[in-house]
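J.: File name query.csv; file contents CSV, C-alpha atoms and all ligand atoms; full text below.
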```
chain,number,residue,atom,x,y,z
A,1,MET,CA,0.0,0.0,0.0
A,2,LYS,CA,1.4,3.3,-1.0
A,3,ASP,CA,1.0,6.6,0.9
A,4,ASP,CA,-1.2,8.0,-1.9
A,5,THR,CA,-3.6,5.1,-2.1
A,6,VAL,CA,-6.3,3.5,0.0
A,7,ARG,CA,-7.9,0.1,-0.2
A,8,ILE,CA,-11.7,0.5,-0.1
A,9,ALA,CA,-14.8,-1.7,-0.3
A,10,GLY,CA,-16.9,0.9,-1.9
A,11,LYS,CA,-18.3,4.4,-1.8
A,12,ILE,CA,-21.7,6.2,-2.1
A,13,ARG,CA,-21.9,9.8,-3.3
A,14,HIS,CA,-25.3,10.6,-1.7
A,15,SER,CA,-26.3,8.7,1.4
A,16,SER,CA,-28.9,9.7,4.1
A,17,VAL,CA,-28.4,6.8,6.5
A,18,ASN,CA,-24.7,7.2,7.5
A,19,GLY,CA,-25.0,10.4,9.6
A,20,PRO,CA,-27.1,13.5,9.4
A,21,GLY,CA,-28.1,15.2,6.2
A,22,VAL,CA,-26.8,13.9,2.8
A,23,ARG,CA,-23.3,12.5,3.0
A,24,TYR,CA,-20.5,11.1,0.8
A,25,VAL,CA,-19.6,7.8,2.3
A,26,VAL,CA,-16.4,5.8,1.8
A,27,PHE,CA,-16.2,2.2,3.1
A,28,PHE,CA,-12.6,1.2,3.9
A,29,GLN,CA,-11.4,-2.4,3.3
A,30,GLY,CA,-10.0,-4.5,6.1
A,31,CYS,CA,-11.2,-5.0,9.7
A,32,PRO,CA,-9.5,-6.9,12.6
A,33,HIS,CA,-12.5,-6.9,14.9
A,34,LYS,CA,-14.6,-9.8,13.6
A,35,CYS,CA,-17.8,-8.8,15.4
A,36,LYS,CA,-20.3,-11.6,15.6
A,37,GLY,CA,-23.2,-10.7,13.3
A,38,CYS,CA,-21.3,-8.1,11.3
A,39,GLN,CA,-23.4,-6.8,8.3
A,40,ASN,CA,-20.3,-6.3,6.1
A,41,PRO,CA,-18.1,-9.4,6.3
A,42,GLU,CA,-16.8,-8.8,2.8
A,43,THR,CA,-14.9,-5.8,4.2
A,44,HIS,CA,-12.8,-7.9,6.6
A,45,ASP,CA,-9.9,-9.1,4.4
A,46,PRO,CA,-7.4,-6.3,4.0
A,47,LEU,CA,-6.3,-7.8,0.6
A,48,GLU,CA,-9.7,-7.7,-0.9
A,49,GLY,CA,-11.6,-4.6,-2.2
A,50,GLU,CA,-10.0,-2.1,-4.6
A,51,GLU,CA,-6.9,0.0,-4.2
A,52,VAL,CA,-7.6,3.6,-5.4
A,53,TYR,CA,-5.8,6.9,-5.3
A,54,ILE,CA,-6.8,9.1,-2.4
A,55,SER,CA,-6.7,12.1,-4.7
A,56,ASP,CA,-9.4,10.5,-6.9
A,57,ILE,CA,-11.7,10.3,-3.9
A,58,THR,CA,-10.9,13.8,-2.7
A,59,ASP,CA,-11.6,15.2,-6.2
A,60,GLU,CA,-14.9,13.4,-6.3
A,61,ILE,CA,-15.8,14.8,-2.9
A,62,LYS,CA,-15.0,18.3,-4.1
A,63,ASN,CA,-17.1,17.8,-7.2
A,64,THR,CA,-20.1,16.3,-5.5
A,65,ARG,CA,-22.9,18.8,-5.0
A,66,TYR,CA,-25.7,18.7,-2.4
A,67,ILE,CA,-23.8,17.0,0.4
A,68,ASP,CA,-23.5,18.1,4.0
A,69,GLY,CA,-20.5,16.0,5.0
A,70,ILE,CA,-18.5,12.9,4.6
A,71,THR,CA,-18.6,9.6,6.5
A,72,ILE,CA,-15.7,7.3,6.7
A,73,SER,CA,-16.8,3.7,7.5
A,74,GLY,CA,-15.7,0.2,6.9
A,75,GLY,CA,-14.3,-2.2,7.6
A,76,GLU,CA,-12.0,-0.5,10.1
A,77,PRO,CA,-11.0,2.9,8.7
A,78,LEU,CA,-8.3,3.4,11.3
A,79,MET,CA,-6.3,0.6,9.8
A,80,GLN,CA,-5.4,3.1,7.1
A,81,PRO,CA,-4.9,6.3,9.1
A,82,HIS,CA,-2.9,8.1,6.4
A,83,ALA,CA,-6.0,8.0,4.1
A,84,VAL,CA,-8.4,9.0,6.9
A,85,LYS,CA,-6.3,12.1,7.5
A,86,LYS,CA,-6.1,13.2,3.9
A,87,LEU,CA,-9.9,12.6,3.3
A,88,ALA,CA,-10.8,14.5,6.5
A,89,GLU,CA,-8.5,17.5,5.6
A,90,ALA,CA,-9.9,17.7,2.1
A,91,ALA,CA,-13.5,17.5,3.4
A,92,HIS,CA,-12.9,20.3,5.9
A,93,LEU,CA,-11.3,22.5,3.2
A,94,THR,CA,-14.5,22.0,1.3
A,95,GLY,CA,-16.6,23.1,4.3
A,96,LEU,CA,-17.9,19.5,5.0
A,97,ASP,CA,-18.0,17.9,8.4
A,98,VAL,CA,-16.4,14.5,9.0
A,99,TRP,CA,-17.9,11.4,10.7
A,100,LEU,CA,-15.9,8.2,11.3
A,101,TYR,CA,-17.1,4.8,12.3
A,102,THR,CA,-14.6,2.6,14.2
A,103,GLY,CA,-14.7,-0.7,16.1
A,104,TRP,CA,-12.3,0.7,18.7
A,105,THR,CA,-13.6,2.8,21.6
A,106,PHE,CA,-12.7,6.4,22.2
A,107,GLU,CA,-10.8,5.3,25.3
A,108,GLU,CA,-8.9,2.6,23.4
A,109,ILE,CA,-7.8,5.2,20.9
A,110,MET,CA,-6.8,7.7,23.6
A,111,PHE,CA,-5.4,5.6,26.3
A,112,ASP,CA,-4.6,2.0,25.2
A,113,ASP,CA,-1.8,0.8,23.0
A,114,THR,CA,-4.4,-1.0,20.9
A,115,ALA,CA,-4.9,1.9,18.5
A,116,LYS,CA,-2.3,4.3,19.8
A,117,GLU,CA,-0.9,5.1,16.4
A,118,VAL,CA,-4.2,6.6,15.3
A,119,LYS,CA,-4.7,8.9,18.3
A,120,ASN,CA,-3.7,12.0,16.3
A,121,ILE,CA,-6.4,11.3,13.8
A,122,LEU,CA,-9.0,12.3,16.3
A,123,GLU,CA,-8.1,16.0,15.8
A,124,ASP,CA,-9.3,15.6,12.2
A,125,LEU,CA,-12.7,14.3,13.1
A,126,ASP,CA,-16.0,16.0,14.1
A,127,VAL,CA,-17.9,12.9,15.1
A,128,LEU,CA,-16.7,9.4,16.1
A,129,VAL,CA,-19.2,6.5,16.3
A,130,ASP,CA,-17.2,4.1,18.4
A,131,GLY,CA,-17.1,0.5,19.6
A,132,ARG,CA,-17.6,-3.0,18.1
A,133,PHE,CA,-21.0,-4.2,17.0
A,134,VAL,CA,-22.6,-6.3,19.7
A,135,GLU,CA,-25.3,-8.5,18.3
A,136,SER,CA,-27.1,-9.0,21.6
A,137,LEU,CA,-27.4,-5.2,21.9
A,138,LYS,CA,-28.7,-4.7,18.3
A,139,SER,CA,-31.8,-2.7,17.5
A,140,GLU,CA,-33.1,-1.3,14.3
A,141,GLY,CA,-34.4,1.7,16.3
A,142,TYR,CA,-30.9,3.2,17.0
A,143,LEU,CA,-30.1,6.2,14.9
A,144,TYR,CA,-26.8,6.0,13.0
A,145,ARG,CA,-25.5,3.0,15.0
A,146,GLY,CA,-26.1,-0.8,15.1
A,147,SER,CA,-25.9,-1.7,18.8
A,148,SER,CA,-26.6,0.3,22.0
A,149,ASN,CA,-23.0,0.1,23.3
A,150,GLN,CA,-21.8,2.3,20.3
A,151,ARG,CA,-21.7,6.0,21.1
A,152,ILE,CA,-22.0,9.0,18.8
A,153,ILE,CA,-19.2,11.2,20.1
A,154,ASP,CA,-18.6,15.0,19.7
A,155,VAL,CA,-14.8,14.7,19.2
A,156,PRO,CA,-13.7,18.3,19.6
A,157,ALA,CA,-15.7,18.7,22.8
A,158,SER,CA,-14.4,15.3,24.1
A,159,LEU,CA,-10.8,16.2,23.4
A,160,ASP,CA,-11.3,19.6,25.0
A,161,ARG,CA,-12.8,18.2,28.2
A,162,GLY,CA,-10.7,15.0,28.4
A,163,THR,CA,-13.8,12.8,28.6
A,164,VAL,CA,-16.4,11.4,26.2
A,165,ILE,CA,-19.1,13.9,25.3
A,166,GLN,CA,-21.9,12.2,23.3
A,167,LEU,CA,-24.1,14.0,20.8
A,168,ASP,CA,-27.8,14.2,21.8
A,169,LEU,CA,-29.4,12.9,18.6
B,201,LIG,S1,-16.0,-3.3,13.3
B,201,LIG,FE1,-17.7,-3.1,11.8
B,201,LIG,S2,-16.9,-4.0,9.9
B,201,LIG,FE2,-15.5,-4.6,11.6
B,201,LIG,S3,-16.4,-6.6,12.2
B,201,LIG,FE3,-17.2,-5.1,13.6
B,201,LIG,S4,-19.2,-4.5,12.6
B,201,LIG,FE4,-17.9,-5.6,11.1
```
Give the structure from this file in structure tokens form.

T.:
Amino acid sequence: MKDDTVRIAGKIRHSSVNGPGVRYVVFFQGCPHKCKGCQNPETHDPLEGEEVYISDITDEIKNTRYIDGITISGGEPLMQPHAVKKLAEAAHLTGLDVWLYTGWTFEEIMFDDTAKEVKNILEDLDVLVDGRFVESLKSEGYLYRGSSNQRIIDVPASLDRGTVIQLDL
């Protein structure tokens, strides 16, 4: 994998189910979490999917009209932090907000070695939907998340206060 490419499972130019408003969504390829009941098992193998230039995606984001933000999902996007950073920076330059779905928790990213190398990525995000999917806690009624353990986190406020601040959605 080169610095200027990212391996993805797919993308959607206009989605209304991966965060508020209309959003450009990128599904990254590769996930180590293996949650029981995962809806996207085809995204797990890091060698599957398609390797694309990050600049092709950022160009498409800039040229897509009628979107409110981007959502980076997977798979586990934080397995390819260099690409998350570039997409988030491009989105912010275009005036779009950035949501990211991860199987790690905010605390794992901040305080454990588990995902330590991706801690700096938090500064590039507006909202983090965190935690593994837990099948026994699943409900179709949860907005923007699959199971009740997952949290929709206001990242700038959480970094500012040093504790998790959840969005009231
Ligand atoms: S983190 Fe997401 S993509 Fe990965 S196994 Fe869990 S539900 Fe599936």

J.: Do you know which residues are within 8 Å of ligand LIG 201 (chain B) using only C-alpha atoms and all ligand atoms? Can you write them as number ranges by chain?

T.: A: 30-41, 43-44, 74-76, 101-104, 131-133

J.: I need the chosen residues saved as a short mmCIF file (atom, residue, chain, number, x, y, z; two decimals), in the frame of the given file, with C-alpha atoms.

T.:
```cif
data_model
loop_
_atom_site.label_atom_id
_atom_site.label_comp_id
_atom_site.auth_asym_id
_atom_site.auth_seq_id
_atom_site.Cartn_x
_atom_site.Cartn_y
_atom_site.Cartn_z
CA GLY A 30 -10.00 -4.50 6.10
CA CYS A 31 -11.20 -5.00 9.70
CA PRO A 32 -9.50 -6.90 12.60
CA HIS A 33 -12.50 -6.90 14.90
CA LYS A 34 -14.60 -9.80 13.60
CA CYS A 35 -17.80 -8.80 15.40
CA LYS A 36 -20.30 -11.60 15.60
CA GLY A 37 -23.20 -10.70 13.30
CA CYS A 38 -21.30 -8.10 11.30
CA GLN A 39 -23.40 -6.80 8.30
CA ASN A 40 -20.30 -6.30 6.10
CA PRO A 41 -18.10 -9.40 6.30
CA THR A 43 -14.90 -5.80 4.20
CA HIS A 44 -12.80 -7.90 6.60
CA GLY A 74 -15.70 0.20 6.90
CA GLY A 75 -14.30 -2.20 7.60
CA GLU A 76 -12.00 -0.50 10.10
CA TYR A 101 -17.10 4.80 12.30
CA THR A 102 -14.60 2.60 14.20
CA GLY A 103 -14.70 -0.70 16.10
CA TRP A 104 -12.30 0.70 18.70
CA GLY A 131 -17.10 0.50 19.60
CA ARG A 132 -17.60 -3.00 18.10
CA PHE A 133 -21.00 -4.20 17.00
#
```

J.: If you count all atoms listed in the file, which residues fall within 8 Å of Val84 of chain A, apart from same-chain ones fewer than 6 positions away, as a PyMOL selection string?

T.: chain A and resi 72+77-78+121

J.: For Ser16 of chain A, list every protein, DNA or RNA residue within 12 Å, evaluated using only C-alpha atoms, and leave out those in the same chain fewer than 6 positions away; present the list as a PyMOL selection string.

T.: chain A and resi 22-25+66-71+143-144

J.: Excluding Ile153 of chain A and its own-chain neighbours fewer than 4 positions away, which residues fall within 6 Å of it when counting only C-alpha atoms? Please give them as number ranges by chain.

T.: A: 127-128, 165-167

J.: Write out as number ranges by chain the residues lying within 6 Å of Val134 of chain A, counting all atoms listed in the file and excluding same-chain residues fewer than 2 positions away.

T.: A: 136-137, 147

J.: Considering all atoms listed in the file, return as a VMD selection string whatever protein or nucleic-acid residues lie within 6 Å of Phe27 of chain A, sequence-local ones (same chain, fewer than 2 positions apart) excluded.

T.: chain A and resid 8 to 11 73 to 74

J.: Anything within 10 Å of (-5.6, -1.4, 1.5): list those residues as JSON, numbers by chain, counting only C-alpha atoms and sticking to the file's coordinates.

T.: {"A": [1, 2, 5, 6, 7, 8, 9, 28, 29, 30, 45, 46, 47, 48, 49, 50, 51, 52, 77, 79, 80, 83]}

J.: One decimal, in Å: what's the spacing between atom CA of Ile12 of chain A and atom CA of Glu123 of chain A?

T.: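 Distance between the two atoms: 24.5 Å.
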
J.: Please indicate the distance in Å from atom CA of Gly141 of chain A to atom CA of Ser158 of chain A, rounded to one decimal place.

T.: 25.4 Å

J.: Can you tell me how far atom CA of Asp4 of chain A sits from atom CA of Ile54 of chain A, in Å to one decimal?

T.: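 Atom-to-atom, atom CA of Asp4 of chain A and atom CA of Ile54 of chain A are spaced 5.7 Å apart.
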
J.: Under the rule that only C-alpha atoms are counted, which of A:Gln150, A:Asn120, A:Asn63, A:Thr163 is the nearest residue to Thr105 of chain A?

T.: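 Looking only at the distances to Thr105 of chain A, the closest residue turns out to be A:Gln150.
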
J.: Between A:Glu42, A:Phe111, A:Tyr53, A:Gly19, which residue has the minimum interatomic distance to Val129 of chain A, considering all atoms listed in the file?

T.: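 Of A:Glu42, A:Phe111, A:Tyr53, A:Gly19, the one nearest Val129 of chain A, counting all atoms listed in the file, is A:Gly19.
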
J.: Which residue, A:Leu87, A:Ser148, A:Glu107, A:Ser139, has the smallest gap to Asp124 of chain A when you use all atoms listed in the file?

T.: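 Distance minimum relative to Asp124 of chain A lands on A:Leu87.
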